[in-house]
>>> print(open('protein-v8.cif').read())   # mmCIF, C-alpha atoms
data_my_file
loop_
_atom_site.label_atom_id
_atom_site.label_comp_id
_atom_site.auth_asym_id
_atom_site.auth_seq_id
_atom_site.Cartn_x
_atom_site.Cartn_y
_atom_site.Cartn_z
CA MET A 1282 27.90 -45.99 6.02
CA PHE A 1283 28.69 -42.31 5.75
CA ASN A 1284 32.15 -40.91 6.32
CA HIS A 1285 31.68 -38.15 8.90
CA ILE A 1286 34.59 -36.07 10.11
CA PHE A 1287 34.29 -34.61 13.62
CA THR A 1288 36.48 -31.59 14.38
CA GLN A 1289 36.94 -29.38 17.44
CA VAL A 1290 36.86 -25.68 16.60
CA LYS A 1291 38.04 -23.02 19.03
CA ARG A 1292 36.57 -19.51 19.02
CA SER A 1293 39.90 -18.13 17.84
CA GLU A 1294 39.65 -20.02 14.51
CA ASN A 1295 38.01 -17.16 12.62
CA LYS A 1296 37.53 -18.83 9.23
CA LYS A 1297 35.91 -21.92 10.74
CA MET A 1298 33.83 -19.78 13.11
CA ALA A 1299 32.50 -17.81 10.14
CA GLU A 1300 31.43 -21.10 8.54
CA ILE A 1301 29.73 -22.18 11.79
CA ALA A 1302 27.98 -18.80 12.10
CA GLN A 1303 26.63 -19.12 8.54
CA PHE A 1304 25.50 -22.71 9.16
CA LEU A 1305 23.74 -21.74 12.40
CA HIS A 1306 22.07 -18.81 10.62
CA GLU A 1307 20.78 -21.21 7.94
CA ASN A 1308 19.26 -23.24 10.78
CA ASP A 1309 17.63 -20.22 12.50
CA LEU A 1310 20.27 -20.01 15.23
CA SER A 1311 23.15 -17.70 16.02
CA VAL A 1312 26.53 -18.15 17.65
CA ASP A 1313 26.24 -17.83 21.41
CA THR A 1314 29.15 -15.71 22.64
CA THR A 1315 29.61 -17.92 25.70
CA VAL A 1316 30.44 -21.03 23.65
CA GLU A 1317 34.11 -21.86 24.16
CA VAL A 1318 34.49 -24.69 21.67
CA PHE A 1319 32.44 -26.26 18.90
CA ILE A 1320 32.37 -29.71 17.41
CA THR A 1321 31.62 -29.70 13.71
CA VAL A 1322 30.59 -32.62 11.55
CA THR A 1323 31.47 -32.60 7.88
CA ARG A 1324 30.67 -34.98 5.06
CA ASP A 1325 32.34 -34.57 1.68
CA GLU A 1326 33.91 -31.35 3.02
CA LYS A 1327 30.46 -29.85 3.72
CA LEU A 1328 29.39 -28.80 7.22
CA ILE A 1329 26.32 -30.86 8.13
CA ALA A 1330 26.11 -30.46 11.92
CA CYS A 1331 27.63 -28.65 14.87
CA GLY A 1332 27.26 -28.13 18.58
CA GLY A 1333 29.04 -26.03 21.17
CA ILE A 1334 30.06 -26.16 24.81
CA ALA A 1335 29.87 -23.25 27.23
CA GLY A 1336 31.06 -24.48 30.62
CA ASN A 1337 28.66 -27.30 31.44
CA ILE A 1338 26.01 -26.30 28.89
CA ILE A 1339 25.63 -27.71 25.38
CA LYS A 1340 24.40 -24.99 23.01
CA CYS A 1341 24.15 -24.07 19.34
CA VAL A 1342 23.31 -27.58 18.17
CA ALA A 1343 22.23 -27.69 14.54
CA ILE A 1344 21.86 -30.50 12.04
CA SER A 1345 21.33 -29.91 8.34
CA GLU A 1346 17.82 -30.80 7.21
CA SER A 1347 19.31 -33.02 4.50
CA VAL A 1348 20.77 -35.43 7.09
CA ARG A 1349 18.10 -35.37 9.78
CA GLY A 1350 16.82 -38.83 10.59
CA GLU A 1351 20.21 -40.50 10.06
CA GLY A 1352 20.99 -40.77 13.80
CA LEU A 1353 23.54 -37.99 13.67
CA ALA A 1354 22.03 -36.18 16.68
CA LEU A 1355 22.94 -39.04 19.02
CA THR A 1356 26.47 -39.28 17.60
CA LEU A 1357 27.00 -35.52 17.90
CA ALA A 1358 25.56 -35.48 21.43
CA THR A 1359 27.96 -38.28 22.41
CA GLU A 1360 30.92 -36.33 21.01
CA LEU A 1361 29.82 -33.19 22.88
CA ILE A 1362 29.37 -35.11 26.14
CA ASN A 1363 32.81 -36.69 25.77
CA LEU A 1364 34.36 -33.29 25.12
CA ALA A 1365 32.61 -31.82 28.16
CA TYR A 1366 33.94 -34.67 30.32
CA GLU A 1367 37.46 -34.04 28.99
CA ARG A 1368 36.97 -30.44 30.11
CA HIS A 1369 35.95 -31.69 33.60
CA SER A 1370 32.23 -30.96 33.26
CA THR A 1371 30.29 -34.01 34.40
CA HIS A 1372 26.88 -32.52 35.19
CA LEU A 1373 25.62 -31.20 31.87
CA PHE A 1374 22.70 -29.15 30.67
CA ILE A 1375 21.46 -28.60 27.15
CA TYR A 1376 20.02 -25.36 25.82
CA THR A 1377 17.65 -26.07 22.94
CA LYS A 1378 14.42 -25.04 21.32
CA THR A 1379 11.31 -26.62 22.84
CA GLU A 1380 10.55 -28.41 19.58
CA TYR A 1381 13.79 -30.44 19.94
CA GLU A 1382 13.32 -31.40 23.59
CA ALA A 1383 12.11 -34.94 22.75
CA LEU A 1384 15.12 -35.53 20.51
CA PHE A 1385 17.54 -34.72 23.31
CA ARG A 1386 15.56 -36.81 25.78
CA GLN A 1387 16.18 -39.72 23.40
CA CYS A 1388 19.89 -38.88 23.65
CA GLY A 1389 19.75 -39.31 27.44
CA PHE A 1390 19.02 -35.78 28.66
CA SER A 1391 16.17 -35.31 31.11
#
>>> encode(input="protein-v8.cif", output="structure tokens")
Amino acid sequence: MFNHIFTQVKRSENKKMAEIAQFLHENDLSVDTTVEVFITVTRDEKLIACGGIAGNIIKCVAISESVRGEGLALTLATELINLAYERHSTHLFIYTKTEYEALFRQCGFS
């Protein structure tokens, strides 16, 4: 089993936000300015996945190609949903590329 570390990152954490921006860029995405908080996933101190919350919308979800297929998408989605609920958002939407629609349907989004 892999040792993943999940961390909440606020927009004001400039160093961590720069790392997220670079990671998103490497995955053909950019930081959405409406995202209020991110959850990052690291393994061996390397960023391998992240996702953000903007109100009741999950955005900026990226998973490193090297770990795709390990079930990390479901775990990250669960963490993002739990964070959204803590922030009193119970009716959620996800903003994603069309090619990843099936993946998020498997995570319970419709």
>>> resolve_selection(input="protein-v8.cif", expression="the PyMOL selection byres ((chain A and resi 1332) around 6)", output="NGL selection string")
:A and (1319-1320 or 1331 or 1333 or 1341-1342)
>>> resolve_selection(input="protein-v8.cif", expression="the PyMOL selection byres ((chain A and resi 1292) around 8)", output="list in words")
Val1290, Lys1291, Ser1293, Glu1294, Asn1295, Met1298, Val1316, Glu1317, Val1318 and Phe1319 of chain A
>>> closest_residue(input="protein-v8.cif", among="A:Ala1343, A:Leu1373, A:Leu1361, A:Leu1305", to="Gln1289 (chain A)", atoms="only C-alpha atoms")
A:Leu1361
>>> closest_residue(input="protein-v8.cif", among="A:Ser1345, A:Gly1350, A:Glu1382, A:Asn1337", to="Ala1365 (chain A)", atoms="only C-alpha atoms")
A:Asn1337
>>> resolve_selection(input="protein-v8.cif", expression="the PyMOL selection byres ((chain A and resi 1372) around 12)", output="mmCIF file with C-alpha atoms, in the coordinates of the input")
data_model
loop_
_atom_site.group_PDB
_atom_site.id
_atom_site.type_symbol
_atom_site.label_atom_id
_atom_site.label_comp_id
_atom_site.auth_asym_id
_atom_site.auth_seq_id
_atom_site.Cartn_x
_atom_site.Cartn_y
_atom_site.Cartn_z
ATOM 1 C CA GLY A 1336 31.060 -24.480 30.620
ATOM 2 C CA ASN A 1337 28.660 -27.300 31.440
ATOM 3 C CA ILE A 1338 26.010 -26.300 28.890
ATOM 4 C CA ILE A 1339 25.630 -27.710 25.380
ATOM 5 C CA ILE A 1362 29.370 -35.110 26.140
ATOM 6 C CA ASN A 1363 32.810 -36.690 25.770
ATOM 7 C CA ALA A 1365 32.610 -31.820 28.160
ATOM 8 C CA TYR A 1366 33.940 -34.670 30.320
ATOM 9 C CA ARG A 1368 36.970 -30.440 30.110
ATOM 10 C CA HIS A 1369 35.950 -31.690 33.600
ATOM 11 C CA SER A 1370 32.230 -30.960 33.260
ATOM 12 C CA THR A 1371 30.290 -34.010 34.400
ATOM 13 C CA LEU A 1373 25.620 -31.200 31.870
ATOM 14 C CA PHE A 1374 22.700 -29.150 30.670
ATOM 15 C CA ILE A 1375 21.460 -28.600 27.150
ATOM 16 C CA PHE A 1390 19.020 -35.780 28.660
ATOM 17 C CA SER A 1391 16.170 -35.310 31.110
#
>>> closest_residue(input="protein-v8.cif", among="A:Thr1315, A:Asn1284, A:Thr1379, A:Thr1356", to="Ala1335 (chain A)", atoms="all atoms listed in the file")
A:Thr1315
>>> closest_residue(input="protein-v8.cif", among="A:Glu1360, A:Asp1325, A:Lys1297, A:Glu1307", to="Ile1344 (chain A)", atoms="only C-alpha atoms")
A:Glu1307
>>> residues_around(input="protein-v8.cif", residues="Leu1353 (chain A)", least_positions_apart="5", cutoff="9 Å", atoms="only C-alpha atoms", output="PyMOL selection string")
chain A and resi 1330+1344+1348+1358
>>> axis_aligned_box(input="protein-v8.cif", around="region 1298-1303 of chain A", padding_each_side="5 Å", output="AutoDock Vina command-line options")
--center_x 30.2 --center_y -20.0 --center_z 10.8 --size_x 17.2 --size_y 14.4 --size_z 14.6
>>> atom_distance(input="protein-v8.cif", atom1="CA of Tyr1376 (chain A)", atom2="CA of Lys1340 (chain A)")
5.2 Å
>>> residues_around(input="protein-v8.cif", residues="Gln1387 (chain A)", least_positions_apart="6", cutoff="12 Å", atoms="all atoms listed in the file", output="PDB file with C-alpha atoms, in the coordinates of the input")
ATOM      1  CA  GLY A1352      20.990 -40.770  13.800  1.00  0.00           C
ATOM      2  CA  ALA A1354      22.030 -36.180  16.680  1.00  0.00           C
ATOM      3  CA  LEU A1355      22.940 -39.040  19.020  1.00  0.00           C
ATOM      4  CA  THR A1356      26.470 -39.280  17.600  1.00  0.00           C
ATOM      5  CA  ALA A1358      25.560 -35.480  21.430  1.00  0.00           C
ATOM      6  CA  THR A1359      27.960 -38.280  22.410  1.00  0.00           C
ATOM      7  CA  TYR A1381      13.790 -30.440  19.940  1.00  0.00           C
TER       8      TYR A1381
END
>>> atom_distance(input="protein-v8.cif", atom1="CA of Glu1380 (chain A)", atom2="CA of Asp1309 (chain A)")
12.9 Å
